[in-house]
Amino acid sequence: MAYQHILFDEADGIATITLNRPQVMNALHVGVISEMIDAVDRVRDEGTARVLVLTGAGRAFCSGADLAGGGAGGGVQRSGPPDAGAVLETHFNPLLERLFALPVPFITSVNGAAAGAGCSYALAGDIVIAGKSAYFLQAFINIGLVPDVGSTWLLPRLAGRARAQAMMMLGERIPAETAADWGMVYKVVDDADLAAATRAIAEKLAKGPTKSYALIRQGIRACMDTTLSEGLMVERRNQLAAGRSADFVEGVSAFLQKRPAAFSGK
């Protein structure tokens, strides 16, 4: 696919998707989402990238659905009353599921606004790093809709029910440093340092034990909705898989030989 709305780059084991519609604060429509799905599938299927970074060009990460450009329902035609959720089923939600199912770590580098669906994608990162100008906004209430793209599942787990519910009902901006205090993001840095800080984390992950990262991602998601006993069984299965990896052999050898491990991601 030739990309018109995003930039895709891969180098040194780091794949980067940059939303590239700065004139509309990287607002989303089905064309943008289709390109993002294609790029994420490349990362999954080609197997050369060992970490994925998602960011936005210009002064925003993503302002949410492009209402003026049909982002709330463009590309989906159904008879009868309008179905504001149809585009979620066909485009927005499949992208979120793909991001959660990636076999490699996923970093979001948040610059400026992360609103609506953009907030969901920003907070879906395994590691969320934000510039000081970043803010997170659930603005659906302002147009008579409800939060979507996983927001009502993800936000209460990050910030707690009381904060998530107030954020959604009041439609207030949550500044980056408040988001960090609430447990929504990993780190806040000066805007000028955002790219370098993101790169440093991505480089570290790209050199790490990729299979273990995938099992950590899968394990956390599975254990968020299980009992303790079920969670222990998830860990048991994942440890079996990790213990059979080449990276485990290399990690133990490096520890015993008192040298840095050279993980292959296998």
# chains A, B, ... in the order shown; residues from 1 in each chain; ligands from 1
$ closest_atom_pairs --of "region 34-128 of chain A" --to "region 215-233 of chain A" --cutoff "8 Å" --atoms "only C-alpha atoms" --output "Markdown table"
| residue | atom | partner | partner_atom | distance |
| --- | --- | --- | --- | --- |
| A:Phe100 | CA | A:Arg217 | CA | 7.8 |
| A:Ala101 | CA | A:Gln218 | CA | 7.6 |
| A:Pro105 | CA | A:Arg217 | CA | 7.7 |
| A:Asp126 | CA | A:Arg217 | CA | 7.6 |
$ write_last_selection --atoms "N, CA and C atoms" --output "compact mmCIF listing (two decimals), in the first residue's frame"
# COMPACT_ATOMS: atom_id res chain seq x y z
N PHE A 100 -2.82 -4.41 20.31
CA PHE A 100 -2.70 -5.21 21.53
C PHE A 100 -2.10 -6.59 21.24
N ALA A 101 -2.32 -7.11 20.03
CA ALA A 101 -1.87 -8.48 19.72
C ALA A 101 -0.48 -8.52 19.11
N PRO A 105 7.05 -5.09 21.42
CA PRO A 105 6.62 -3.96 22.25
C PRO A 105 6.11 -2.80 21.41
N ASP A 126 2.35 0.03 25.28
CA ASP A 126 2.96 -0.66 26.43
C ASP A 126 3.72 0.36 27.28
$ residues_around --residues "Phe248 (chain A)" --least-positions-apart "5" --cutoff "9 Å" --atoms "only C-alpha atoms" --output "list in words"
Pro209, Ser212, Ala242, Gly243, Ser253 and Phe263 of chain A
$ select_by_dssp --residues "region 6-232 of chain A" --states "helix (DSSP H, G or I)" --output "ChimeraX atom specification"
/A:22-24,30-46,86-101,117-123,140-143,151-159,161-170,176-181,191-206,210-223,228-232
$ residues_around --residues "region 186-189 of chain A" --least-positions-apart "2" --cutoff "9 Å" --atoms "only C-alpha atoms" --output "PyMOL selection string"
chain A and resi 127-132+134+176-177+180+183-184+191-194+197
$ residues_around --residues "Thr55 (chain A)" --least-positions-apart "6" --cutoff "6 Å" --atoms "only C-alpha atoms" --output "compact mmCIF listing (two decimals) with all heavy atoms, in the first residue's frame"
# COMPACT_ATOMS: atom_id res chain seq x y z
N THR A 18 4.06 7.36 11.83
CA THR A 18 3.79 8.76 12.16
C THR A 18 2.51 9.19 11.47
O THR A 18 2.42 9.16 10.23
CB THR A 18 4.95 9.67 11.70
OG1 THR A 18 6.17 9.22 12.29
CG2 THR A 18 4.70 11.11 12.13
N PHE A 61 -0.65 14.75 18.63
CA PHE A 61 -0.57 13.31 18.41
C PHE A 61 -1.74 12.89 17.52
O PHE A 61 -1.54 12.37 16.42
CB PHE A 61 -0.63 12.58 19.76
CG PHE A 61 -0.63 11.08 19.64
CD1 PHE A 61 0.54 10.38 19.44
CD2 PHE A 61 -1.82 10.36 19.74
CE1 PHE A 61 0.54 8.99 19.32
CE2 PHE A 61 -1.83 8.98 19.63
CZ PHE A 61 -0.65 8.30 19.42
N SER A 109 4.46 7.85 21.54
CA SER A 109 5.19 9.08 21.82
C SER A 109 4.22 10.23 21.57
O SER A 109 3.92 10.57 20.43
CB SER A 109 6.41 9.17 20.90
OG SER A 109 7.19 10.30 21.18
$ residues_around --residues "Pro94 (chain A)" --least-positions-apart "5" --cutoff "12 Å" --atoms "only C-alpha atoms" --output "ChimeraX atom specification"
/A:30,33-34,36-38,40-41,86-89,99-101,121,149-150
